[in-house]
Structures are given as structure tokens and as C-alpha cells.
Protein chains: 2
Amino acid sequence: MKLPLGFRASGVHAGIKPSGKPDLALLVGDGPLAWALASTENLVKAPCVVRNRARAASEQPVRALLVNAGNANCATGEAGIWDNEDMAAAAAAGLELEKVQEVLTASTGVIGQRLPIEAVRRGVPAAVAALGDEVAPFAEAILTTDLVPKTVEVRLAGGARVVGVAKGSGMIHPNLATMFAFVLTDAIVDQRWWRRAWARTVRRTFNQLTVDGDTSTNDMAIALASQRLPADPDELAAALEAVAADLARAIARDGEGATTLLTVRVRGGRSVDDAMAAARGVAASSLVKAAVHGRDPNWGRILSAVGQSGAVADLGAVTVSVQGTPVYRGQPLAFDAAALSQAMRSTDVLVEVDLAAGEGQGEAWGCDLSADYVTINALYTT
Amino acid sequence: MKLPLGFRASGVHAGIKPSGKPDLALLVGDGPLAWALASTENLVKAPCVVRNRARAASEQPVRALLVNAGNANCATGEAGIWDNEDMAAAAAAGLELEKVQEVLTASTGVIGQRLPIEAVRRGVPAAVAALGDEVAPFAEAILTTDLVPKTVEVRLAGGARVVGVAKGSGMIHPNLATMFAFVLTDAIVDQRWWRRAWARTVRRTFNQLTVDGDTSTNDMAIALASQRLPADPDELAAALEAVAADLARAIARDGEGATTLLTVRVRGGRSVDDAMAAARGVAASSLVKAAVHGRDPNWGRILSAVGQSGAVADLGAVTVSVQGTPVYRGQPLAFDAAALSQAMRSTDVLVEVDLAAGEGQGEAWGCDLSADYVTINALYTT
């Protein structure tokens, strides 16, 4: 996959990951990049998050993004703040940028250990030398415990493209569980509009994604535009959401230990927020996730998770379907449990809920809880 | 353990549990009982919860409590409401009470299946015939997947006693995961005061207990007083909280698959609510629970869970200790990881956090995440 026009990127091994895998990723714009940032709400934020948020407040365009994997540079005291500044400075120097403020940074990996900043400094020239127009090396170098790189592309009618790159993935190596999503376009955008569009997109996609319920200190989602090609705003916004939703699903599917992408689609909400909250509640429930792994169409757990979500529902009329089969409508419905369990033996399980309280719709994504502890759980079948 | 004065109880097998174990528990007051109810906030509530809440609103005393295990009588449509009424009526008839409203009900077990009301009707005379002054038969008959009955007793200076009985336990057979706690005293209480004391106690104990983050449709905690012996209100309130906290810890310790009771003690909160929220957040974090199981003093996960809890903290001064060993104070501290990991090989792990933001204190209890999925998780050590 090629980068959108106006971007170059690379990924190299700088020596941060003991495995020898690529661990330093560089992304550069040929000119100023409009950009938008969404980041973790955790009170504990890594220096890269704090710095990028300050950069975002300035509303200035940026030119580059330097990402390292293998070390989150988080909870490392004041030294970590300077290490992060040094990381940005190394990229600015290597790229011969006038201002270090034009560089964004992102770190992911173990927390509480000093970033090996000399390795980063040594790696930057190699990353600059390796810059090219392919997405893959960059997508590879940002990974931690992910099993597969995650890239998505959508082409607009006018020729502009939206390309997304992400990493997950939570749960098994939770200190490495940071989520990064970087979405790039060569479309021409107004930065204010871009930021609004990104905020809306993140709310409807990454914020509806749950792997294990724990937020990271380093989570970030950044959207960058190189301002090359005209694009219809509505089409662009739709493409942005499509790319982000695809990345969210790819992250859920690659949740550590996961075998199944769980999609929860809610309609009939009193509001969109209600529908989204109910969808998130079902996707996040350990009990629902365990039932999905056990291929158990356990509407009881789904109903209970809806009830716990705070969403308004008409309990006498709520409907629940699993893989398209209605299993509950105000009360339990008769269904062929064996056949439905068989239909759930898939890499994709769809749960649909109608709250019967309005017109709001929302979707959320998660994964099953696999591994032996869940097989025990899964022994309990309807 | 004997019941407080003025109570009789029993537990029999009525035929609801296929295992043949006791599944019908009856508790009776010799006279009117002052009482207080706390119940699930889940929008989906079983008929027994709805009915008891309505009873509580009437402020009338009660005489008896009939509990069945093996069937939650939840999400069974309108039939379930009548089955629950029939259950209360059976107890009232068996006990020759004038009013069915004097009977409280509680059901726990599978949801979505009709309660075998004939079995309950047949069981009630046997339960009435078996009434005695021992706690054990009642404590046994309310269990579902619990490994052990849970009873606690505190004796007041004036001779009155507070006796608590509970069931857990969540996670592996989650449709049976309802928590019940029944606390009985022979102290003389003003019902209004009793209700305030119970609400405060529940907030500080059962609401600070987390096994897997999912609430049940049937959770209830009921406190009953037989009005026999004078008691000092402060001493009684303290005993009530001590009994409830002990029950909460017993439930956490018996969380399905759990090997360790996790106690999280937070001080330095801007408010008590903040401290309690932070404690709850740490105890509920899947990542912290997995680290506890792996005997990994992973302060990073603890810090991140604090950050996620919404509690105000002075991040430059936050301290974290595990088993009494300080591991973080504004930044990572040097400690002997092997020795601390060894110290965590216990049935009790204590995490202490100072938010450095005020005087608020709070405590929460949880359990480790055991089983093989967690051993994978636990392989990642600091």
C-alpha cells in the first residue's frame, strides 16, 4: 500500500526492542500537515501525550511524527519529559526542520523504564535515509504485541485517498497495550473542520472499541492531511469514519488471545449516545465475551449488560438477536440453540439489540475472551 | 453459629437444583422485623428485587424471607412476576402469616427459565418444619457456585449480636453470579436509623467489592433487626460495617477461580468518594488482577488504574506500595522485585495508594484473575 501524496515514511530497528524487530517509525510531510489529535483520558499521561496535546492547542501545522515501540516512556519522572523532547529534537535535526515543535512524538511499550534515548538518536538518521512511499515499514515498526500490522485504505472519487495505520492490542502484555491510530490523507482540508471531523470519528469508532476495559497512559489517534487534492467534505468524512472503524475492528480482532470479532449493533435508543453506551456495555462485558468464546447465545448476559449500561430501554419490548437469530423479545424466544451455537463458530459474531425506546443507533466492537479460563466459563451453556 | 434472638431459619432441598443440594432457605422473625434493603442498579431487575423494593417503599416491617437457589426467576416475562408472588404466598401460608406482604423473596440461579413453583410450594412445609436456631442450614441453601458458606458474627457489649450470611461469587458461572447478603441482629433499632446505617454500610462495603465487573439482575443486601436487646447505635453501626466488610471479603476470596484476596487501601484522596473510587478502580482492573495472580508488583498497572478512576491525584507525589513495600513515589522506586514477588505468594495481597491530594480514605476488595489465560498474562513481569 502506498502512502497518500505528500507523505514519506519508514521503519527501522533502532535497538529499543530486544527482539531486533523494527522499533522506530518516522512519518514526514513534504509540506505543512493539517492535523487533529485524540488522546487518552487517563489522568496518568505519558510525556508524548502531554506534549502532543500542547502542540494541538497551538493549532500550528506539523511536519513529522516519530514513533518508537518497545518503551512507553511513561511514569519515568522528569527525565522522561526531557527524553521525549530529545526524541522530537533528534527527528527535527535529522529532517533539517527549523522548529522542533513541528515534530509529534509517540511512544509505546513498557512503562517506568527510561527511554534508551541514545538508541533513538542513532536510529533517526537510518529512519530518514529509509524514507519512502510505502506504508508497510512504518506500520510494522509501531507494533508491540500485535500479531499483524493493521492498514486500511479508502479512495475518494476525486483521487484523494485516506490511509490508516494502527496498533493494538491489550490484555496479555498490558503494559504494551497502547492503541495508536494514524490516519493520513492527501485531501485538502480546513484544519478546524478536520479536527471536528476527527473528534466525531473517534467518538464513533475508537471510543466504541473495547479489548479489556483498561485505558492506556499513551493512547493516541492522530489524523494528518497533506493538502494536495480537492475532496468533497461529506465523502471525506465518510471515508475517515470508514477507515477508523476498520482499524478499530482490526484492533479488536487482533486483541491478544482473541479468536472472534464481536460486533454489537444497537438500535431503538432514546438517543444516539444511549445506543452507543448500550453497544459499548455489551461489547465490554466479560460475561458476554466469555459466552461469545463459548459459542453460547447467552441472551441473559447480553440483557444484563444492557441493563447495566445506563441506556433507557423498554424492557417489555427489548429484542436481542445473535447472528441474525432472534433470541429474546420482551421474554425468551424459542430457538434452536445447537444450530445457533454452530452459527457462532465464526471469526465474526454479531449481536443486535433493539432498545425499543427511540431512534438512536450505535455500534461497538470487542473480542471474545479466549484461553483456558474461558473454556471453563464456556462450559456453562444454555 | 446461632442466629440472633428472635430469628429462626432453615434450609432444605426443594428440588430446584438438579444436584440435590439444599436450594430453599427460610428465615422467620418471632415478631415484626425492622429491615433495610439495598439492591442492584441494573435496569433489568428480577421480580423478587422489584417486589422487595416496593415493600421497602411501604416502610412496613416484615416477618419472613424466603430464598431459593438454582433459578433466578429473572427475564421470564409476566409469568415470573406471578411465580414470585406465589413464592411469597407459599411462605405466608406455611408460616400462617396474615399478610403476604410480610414475606420478602430472593431468587438466584439460572435466568430466563420458569421457576419450578410447584417445587417451591412443596418445599415450604419442609422448610417450616425444619426451622431452628442455627445459621448453617440457611447459609448452605442460598449458595450457587460458591465453594464455601459465608457467615460472620460480631457480639456487642450489651449482648446483642450481628450475624451476616452471604453468597457470591461470579465469573465462571456468571448467570449464577448473584450476590446476596443478609445481616441479622437482635438489637433494638429505629427503622429509619437502621436504613440510613445500612445504606452507608453497603456503600462502604458491598459497593466496594468487585469480582468481574458485571452486576447481576438479582443482587440484594438485606439487614433485619428483631428488636430484642438494647444496643449503642455507634457500636451497632460499627459492627454492621465490620460484618458487611467481612462478608464482602469472603465473597471476593471465593470469587470463582480466585486464589487471592486483593485489598486496595487508598488514602490522600481529595474526598472519601475519590479515595473509594480509586480503590475500586484498582481492584476492578483486569490488568491489576492478572498481575496479582502472577505475583508481579506491577505498579504501572496500578498507577494506570488510578489514573483511569477519575480520582484527583498529585501525580508528582503519588505513592504506591505492595505488601508494605513502596514501589513508586512520583517515580519508580528501586525495590527487590524477586523478594516482593515472593511476598505476594499469599492468599492476601495488599495494595496501598496515597493520592497525595487530601485526607480521604477508602478501601476496596477484589480477587486475582487466575487460570491459564492469566498465566500467559502473568508471564510478563517487571
# chains A, B, ... in the order shown; residues from 1 in each chain; ligands from 1
>>> residues_around(residues="Ser39 of chain A", least_positions_apart="3", cutoff="12 Å", atoms="only C-alpha atoms", output="ChimeraX atom specification")
/A:36,42-54,56,106,178-182,198-199,202-203,206-207,215-223
>>> select_by_dssp(residues="segment 40-248 of chain B", states="strand (DSSP E)", output="mmCIF file with N, CA and C atoms, in the first residue's frame")
data_model
loop_
_atom_site.group_PDB
_atom_site.id
_atom_site.type_symbol
_atom_site.label_atom_id
_atom_site.label_comp_id
_atom_site.auth_asym_id
_atom_site.auth_seq_id
_atom_site.Cartn_x
_atom_site.Cartn_y
_atom_site.Cartn_z
ATOM 1 N N VAL B 62 -41.379 -6.532 58.293
ATOM 2 C CA VAL B 62 -41.637 -7.822 57.659
ATOM 3 C C VAL B 62 -41.500 -8.908 58.709
ATOM 4 N N ARG B 63 -41.866 -10.124 58.322
ATOM 5 C CA ARG B 63 -41.777 -11.254 59.248
ATOM 6 C C ARG B 63 -40.867 -12.370 58.734
ATOM 7 N N ALA B 64 -40.726 -12.476 57.396
ATOM 8 C CA ALA B 64 -40.012 -13.638 56.871
ATOM 9 C C ALA B 64 -39.326 -13.335 55.546
ATOM 10 N N LEU B 65 -38.355 -14.174 55.234
ATOM 11 C CA LEU B 65 -37.606 -14.077 53.969
ATOM 12 C C LEU B 65 -37.478 -15.490 53.421
ATOM 13 N N LEU B 66 -37.945 -15.687 52.181
ATOM 14 C CA LEU B 66 -37.811 -16.992 51.532
ATOM 15 C C LEU B 66 -36.853 -16.851 50.356
ATOM 16 N N VAL B 67 -35.796 -17.640 50.359
ATOM 17 C CA VAL B 67 -34.767 -17.572 49.317
ATOM 18 C C VAL B 67 -34.712 -18.906 48.593
ATOM 19 N N ASN B 68 -34.667 -18.864 47.267
ATOM 20 C CA ASN B 68 -34.358 -20.107 46.552
ATOM 21 C C ASN B 68 -33.084 -19.934 45.736
ATOM 22 N N ALA B 69 -32.351 -21.011 45.615
ATOM 23 C CA ALA B 69 -31.170 -21.035 44.753
ATOM 24 C C ALA B 69 -31.402 -22.036 43.636
ATOM 25 N N GLY B 70 -30.700 -21.819 42.505
ATOM 26 C CA GLY B 70 -30.861 -22.735 41.381
ATOM 27 C C GLY B 70 -31.685 -22.154 40.250
ATOM 28 N N ASN B 71 -32.429 -21.095 40.529
ATOM 29 C CA ASN B 71 -33.233 -20.435 39.494
ATOM 30 C C ASN B 71 -33.457 -18.986 39.918
ATOM 31 N N VAL B 103 -43.731 -11.094 53.722
ATOM 32 C CA VAL B 103 -42.677 -12.010 53.263
ATOM 33 C C VAL B 103 -41.834 -11.342 52.181
ATOM 34 N N LEU B 104 -40.533 -11.360 52.348
ATOM 35 C CA LEU B 104 -39.602 -10.951 51.302
ATOM 36 C C LEU B 104 -39.146 -12.191 50.544
ATOM 37 N N THR B 105 -38.772 -12.010 49.273
ATOM 38 C CA THR B 105 -38.306 -13.141 48.474
ATOM 39 C C THR B 105 -36.955 -12.815 47.847
ATOM 40 N N ALA B 106 -36.216 -13.847 47.556
ATOM 41 C CA ALA B 106 -34.935 -13.682 46.859
ATOM 42 C C ALA B 106 -34.654 -14.952 46.077
ATOM 43 N N SER B 107 -34.339 -14.790 44.800
ATOM 44 C CA SER B 107 -34.069 -15.943 43.940
ATOM 45 C C SER B 107 -32.703 -15.782 43.293
ATOM 46 N N THR B 108 -31.983 -16.860 43.133
ATOM 47 C CA THR B 108 -30.676 -16.809 42.466
ATOM 48 C C THR B 108 -30.452 -18.111 41.721
ATOM 49 N N GLY B 109 -29.825 -17.992 40.558
ATOM 50 C CA GLY B 109 -29.576 -19.178 39.742
ATOM 51 C C GLY B 109 -29.663 -18.814 38.279
ATOM 52 N N VAL B 110 -30.008 -19.781 37.448
ATOM 53 C CA VAL B 110 -30.094 -19.515 36.008
ATOM 54 C C VAL B 110 -31.199 -18.511 35.719
ATOM 55 N N LYS B 150 -20.698 -18.576 53.755
ATOM 56 C CA LYS B 150 -20.071 -17.376 54.286
ATOM 57 C C LYS B 150 -20.917 -16.822 55.430
ATOM 58 N N THR B 151 -20.401 -16.945 56.636
ATOM 59 C CA THR B 151 -21.109 -16.414 57.800
ATOM 60 C C THR B 151 -20.122 -15.661 58.678
ATOM 61 N N VAL B 152 -20.612 -14.599 59.305
ATOM 62 C CA VAL B 152 -19.778 -13.752 60.158
ATOM 63 C C VAL B 152 -20.612 -13.359 61.367
ATOM 64 N N GLU B 153 -19.966 -13.205 62.505
ATOM 65 C CA GLU B 153 -20.686 -12.850 63.724
ATOM 66 C C GLU B 153 -19.879 -11.820 64.510
ATOM 67 N N VAL B 154 -20.553 -10.795 65.010
ATOM 68 C CA VAL B 154 -19.925 -9.839 65.925
ATOM 69 C C VAL B 154 -20.859 -9.672 67.126
ATOM 70 N N ARG B 155 -20.281 -9.700 68.329
ATOM 71 C CA ARG B 155 -21.083 -9.577 69.543
ATOM 72 C C ARG B 155 -20.869 -8.179 70.133
ATOM 73 N N ARG B 161 -26.199 -9.280 69.108
ATOM 74 C CA ARG B 161 -25.244 -9.787 68.115
ATOM 75 C C ARG B 161 -25.643 -9.335 66.721
ATOM 76 N N VAL B 162 -24.651 -9.298 65.840
ATOM 77 C CA VAL B 162 -24.885 -9.051 64.418
ATOM 78 C C VAL B 162 -24.330 -10.256 63.681
ATOM 79 N N VAL B 163 -25.183 -10.904 62.921
ATOM 80 C CA VAL B 163 -24.789 -12.112 62.197
ATOM 81 C C VAL B 163 -25.032 -11.882 60.707
ATOM 82 N N GLY B 164 -24.030 -12.177 59.902
ATOM 83 C CA GLY B 164 -24.161 -11.985 58.456
ATOM 84 C C GLY B 164 -24.007 -13.290 57.706
ATOM 85 N N VAL B 165 -24.777 -13.410 56.635
ATOM 86 C CA VAL B 165 -24.735 -14.577 55.763
ATOM 87 C C VAL B 165 -24.695 -14.057 54.338
ATOM 88 N N ALA B 166 -23.855 -14.650 53.495
ATOM 89 C CA ALA B 166 -23.784 -14.167 52.118
ATOM 90 C C ALA B 166 -23.497 -15.290 51.152
ATOM 91 N N LYS B 167 -23.759 -15.016 49.886
ATOM 92 C CA LYS B 167 -23.312 -15.875 48.794
ATOM 93 C C LYS B 167 -22.686 -14.985 47.726
ATOM 94 N N PHE B 180 -25.955 -12.204 47.301
ATOM 95 C CA PHE B 180 -26.918 -11.936 48.371
ATOM 96 C C PHE B 180 -26.142 -11.734 49.661
ATOM 97 N N ALA B 181 -26.550 -10.762 50.453
ATOM 98 C CA ALA B 181 -26.038 -10.646 51.815
ATOM 99 C C ALA B 181 -27.226 -10.381 52.717
ATOM 100 N N PHE B 182 -27.324 -11.163 53.786
ATOM 101 C CA PHE B 182 -28.386 -10.975 54.773
ATOM 102 C C PHE B 182 -27.719 -10.776 56.126
ATOM 103 N N VAL B 183 -27.990 -9.647 56.751
ATOM 104 C CA VAL B 183 -27.379 -9.366 58.044
ATOM 105 C C VAL B 183 -28.494 -9.219 59.076
ATOM 106 N N LEU B 184 -28.361 -9.947 60.168
ATOM 107 C CA LEU B 184 -29.424 -10.043 61.177
ATOM 108 C C LEU B 184 -28.898 -9.548 62.514
ATOM 109 N N THR B 185 -29.747 -8.871 63.246
ATOM 110 C CA THR B 185 -29.363 -8.514 64.611
ATOM 111 C C THR B 185 -30.565 -8.613 65.533
ATOM 112 N N ASP B 186 -30.277 -8.893 66.797
ATOM 113 C CA ASP B 186 -31.340 -8.865 67.792
ATOM 114 C C ASP B 186 -31.347 -7.530 68.539
ATOM 115 N N ALA B 187 -30.578 -6.577 68.061
ATOM 116 C CA ALA B 187 -30.582 -5.249 68.673
ATOM 117 C C ALA B 187 -31.899 -4.530 68.397
ATOM 118 N N MET B 220 -28.962 -8.441 46.008
ATOM 119 C CA MET B 220 -29.653 -7.783 47.121
ATOM 120 C C MET B 220 -28.844 -7.927 48.401
ATOM 121 N N ALA B 221 -28.945 -6.915 49.234
ATOM 122 C CA ALA B 221 -28.371 -6.972 50.581
ATOM 123 C C ALA B 221 -29.457 -6.470 51.522
ATOM 124 N N ILE B 222 -29.823 -7.312 52.485
ATOM 125 C CA ILE B 222 -30.947 -7.006 53.366
ATOM 126 C C ILE B 222 -30.477 -7.107 54.816
ATOM 127 N N ALA B 223 -30.826 -6.105 55.603
ATOM 128 C CA ALA B 223 -30.478 -6.110 57.030
ATOM 129 C C ALA B 223 -31.771 -6.159 57.835
ATOM 130 N N LEU B 224 -31.842 -7.098 58.778
ATOM 131 C CA LEU B 224 -33.078 -7.322 59.539
ATOM 132 C C LEU B 224 -32.790 -7.251 61.037
ATOM 133 N N ALA B 225 -33.696 -6.632 61.779
ATOM 134 C CA ALA B 225 -33.495 -6.490 63.225
ATOM 135 C C ALA B 225 -34.721 -6.993 63.970
ATOM 136 N N SER B 226 -34.476 -7.852 64.959
ATOM 137 C CA SER B 226 -35.603 -8.466 65.676
ATOM 138 C C SER B 226 -36.033 -7.680 66.920
ATOM 139 N N GLN B 227 -35.340 -6.584 67.220
ATOM 140 C CA GLN B 227 -35.807 -5.645 68.260
ATOM 141 C C GLN B 227 -35.887 -6.258 69.651
ATOM 142 N N ARG B 228 -34.872 -7.005 70.051
ATOM 143 C CA ARG B 228 -34.906 -7.657 71.349
ATOM 144 C C ARG B 228 -34.065 -6.956 72.424
ATOM 145 N N LEU B 229 -32.818 -6.575 72.065
ATOM 146 C CA LEU B 229 -31.865 -6.132 73.073
ATOM 147 C C LEU B 229 -31.406 -4.698 72.799
#
>>> residues_around(residues="segment 328-331 of chain A", least_positions_apart="3", cutoff="10 Å", atoms="only C-alpha atoms", output="list in words")
Trp299, Gly300, Leu303, Asp314, Leu315, Gly316, Ala317, Val318, Thr319, Val320, Ser321, Val322, Thr325, Ala334, Phe335, Val353 and Asp354 of chain A; Cys74, Ala75, Thr76, Gly77, Glu78, Ala79 and Gly112 of chain B
>>> closest_residue(among="A:Val349, A:Ala237, A:Ala343, A:Ile111", to="chain B", atoms="only C-alpha atoms")
A:Ile111
>>> closest_residue(among="A:Arg280, A:Arg114, A:Arg345, A:Arg192", to="chain B", atoms="only C-alpha atoms")
A:Arg114
>>> closest_residue(among="B:Gln113, B:Gln191, B:Thr263, B:Thr347", to="chain A", atoms="only C-alpha atoms")
B:Gln113
>>> decode(residues="segment 277-320 of chain B", atoms="N, CA and C atoms", output="compact mmCIF listing (two decimals), in the first residue's frame")
# COMPACT_ATOMS: atom_id res chain seq x y z
N ALA B 277 -13.35 5.60 44.97
CA ALA B 277 -13.37 5.35 43.52
C ALA B 277 -12.01 4.83 43.05
N ALA B 278 -10.94 5.42 43.57
CA ALA B 278 -9.61 4.97 43.16
C ALA B 278 -9.39 3.53 43.61
N ALA B 279 -9.80 3.23 44.85
CA ALA B 279 -9.63 1.87 45.36
C ALA B 279 -10.40 0.87 44.51
N ARG B 280 -11.64 1.25 44.19
CA ARG B 280 -12.48 0.38 43.35
C ARG B 280 -11.85 0.19 41.97
N GLY B 281 -11.32 1.28 41.41
CA GLY B 281 -10.72 1.20 40.07
C GLY B 281 -9.54 0.24 40.05
N VAL B 282 -8.72 0.28 41.07
CA VAL B 282 -7.56 -0.62 41.11
C VAL B 282 -8.02 -2.06 41.30
N ALA B 283 -8.97 -2.26 42.22
CA ALA B 283 -9.43 -3.62 42.50
C ALA B 283 -10.15 -4.24 41.31
N ALA B 284 -10.73 -3.39 40.45
CA ALA B 284 -11.52 -3.89 39.33
C ALA B 284 -10.69 -4.09 38.07
N SER B 285 -9.49 -3.55 38.03
CA SER B 285 -8.71 -3.60 36.78
C SER B 285 -8.29 -5.03 36.46
N SER B 286 -8.67 -5.49 35.26
CA SER B 286 -8.27 -6.83 34.83
C SER B 286 -6.75 -6.95 34.84
N LEU B 287 -6.10 -5.86 34.52
CA LEU B 287 -4.64 -5.92 34.41
C LEU B 287 -4.00 -6.04 35.78
N VAL B 288 -4.52 -5.29 36.75
CA VAL B 288 -4.01 -5.40 38.11
C VAL B 288 -4.27 -6.81 38.65
N LYS B 289 -5.49 -7.29 38.42
CA LYS B 289 -5.87 -8.62 38.93
C LYS B 289 -4.97 -9.70 38.32
N ALA B 290 -4.66 -9.55 37.07
CA ALA B 290 -3.77 -10.51 36.43
C ALA B 290 -2.37 -10.42 37.02
N ALA B 291 -1.92 -9.20 37.30
CA ALA B 291 -0.60 -9.03 37.90
C ALA B 291 -0.55 -9.64 39.30
N VAL B 292 -1.63 -9.50 40.04
CA VAL B 292 -1.68 -10.09 41.37
C VAL B 292 -1.57 -11.61 41.26
N HIS B 293 -2.28 -12.15 40.28
CA HIS B 293 -2.18 -13.60 40.12
C HIS B 293 -0.76 -14.02 39.76
N GLY B 294 -0.09 -13.21 38.93
CA GLY B 294 1.27 -13.51 38.52
C GLY B 294 2.30 -13.13 39.57
N ARG B 295 1.83 -12.62 40.73
CA ARG B 295 2.75 -12.21 41.82
C ARG B 295 3.75 -11.19 41.29
N ASP B 296 3.21 -10.28 40.49
CA ASP B 296 4.03 -9.27 39.83
C ASP B 296 3.69 -7.91 40.45
N PRO B 297 4.62 -7.28 41.18
CA PRO B 297 4.34 -5.99 41.82
C PRO B 297 4.32 -4.88 40.78
N ASN B 298 3.35 -4.95 39.88
CA ASN B 298 3.33 -4.12 38.68
C ASN B 298 2.69 -2.77 38.98
N TRP B 299 3.48 -1.84 39.50
CA TRP B 299 2.95 -0.53 39.87
C TRP B 299 2.42 0.23 38.67
N GLY B 300 2.93 -0.09 37.47
CA GLY B 300 2.47 0.61 36.27
C GLY B 300 0.98 0.42 36.05
N ARG B 301 0.54 -0.82 36.25
CA ARG B 301 -0.89 -1.11 36.06
C ARG B 301 -1.72 -0.46 37.17
N ILE B 302 -1.16 -0.43 38.38
CA ILE B 302 -1.87 0.18 39.50
C ILE B 302 -2.03 1.67 39.24
N LEU B 303 -0.95 2.30 38.82
CA LEU B 303 -0.96 3.73 38.54
C LEU B 303 -1.94 4.07 37.42
N SER B 304 -1.92 3.22 36.40
CA SER B 304 -2.82 3.45 35.26
C SER B 304 -4.28 3.29 35.69
N ALA B 305 -4.55 2.33 36.54
CA ALA B 305 -5.92 2.14 37.03
C ALA B 305 -6.36 3.32 37.90
N VAL B 306 -5.45 3.85 38.71
CA VAL B 306 -5.76 5.06 39.47
C VAL B 306 -6.08 6.20 38.50
N GLY B 307 -5.26 6.33 37.49
CA GLY B 307 -5.44 7.41 36.51
C GLY B 307 -6.76 7.31 35.78
N GLN B 308 -7.21 6.08 35.60
CA GLN B 308 -8.47 5.84 34.88
C GLN B 308 -9.69 6.04 35.78
N SER B 309 -9.50 6.05 37.08
CA SER B 309 -10.63 6.04 38.02
C SER B 309 -11.36 7.37 38.12
N GLY B 310 -10.72 8.42 37.66
CA GLY B 310 -11.33 9.74 37.78
C GLY B 310 -10.98 10.44 39.08
N ALA B 311 -10.30 9.76 39.98
CA ALA B 311 -9.91 10.40 41.25
C ALA B 311 -8.81 11.43 41.00
N VAL B 312 -8.88 12.52 41.75
CA VAL B 312 -7.83 13.53 41.67
C VAL B 312 -6.58 13.00 42.38
N ALA B 313 -5.44 13.18 41.77
CA ALA B 313 -4.18 12.73 42.37
C ALA B 313 -3.09 13.72 42.01
N ASP B 314 -2.15 13.90 42.93
CA ASP B 314 -0.96 14.70 42.63
C ASP B 314 0.09 13.75 42.09
N LEU B 315 0.18 13.70 40.76
CA LEU B 315 0.98 12.64 40.13
C LEU B 315 2.45 12.70 40.51
N GLY B 316 2.92 13.89 40.85
CA GLY B 316 4.32 14.01 41.24
C GLY B 316 4.59 13.46 42.63
N ALA B 317 3.52 13.18 43.38
CA ALA B 317 3.71 12.75 44.77
C ALA B 317 2.96 11.46 45.09
N VAL B 318 2.24 10.91 44.13
CA VAL B 318 1.52 9.66 44.39
C VAL B 318 2.48 8.58 44.86
N THR B 319 2.07 7.81 45.87
CA THR B 319 2.88 6.67 46.27
C THR B 319 2.07 5.40 46.13
N VAL B 320 2.75 4.33 45.78
CA VAL B 320 2.15 3.02 45.64
C VAL B 320 3.01 2.03 46.43
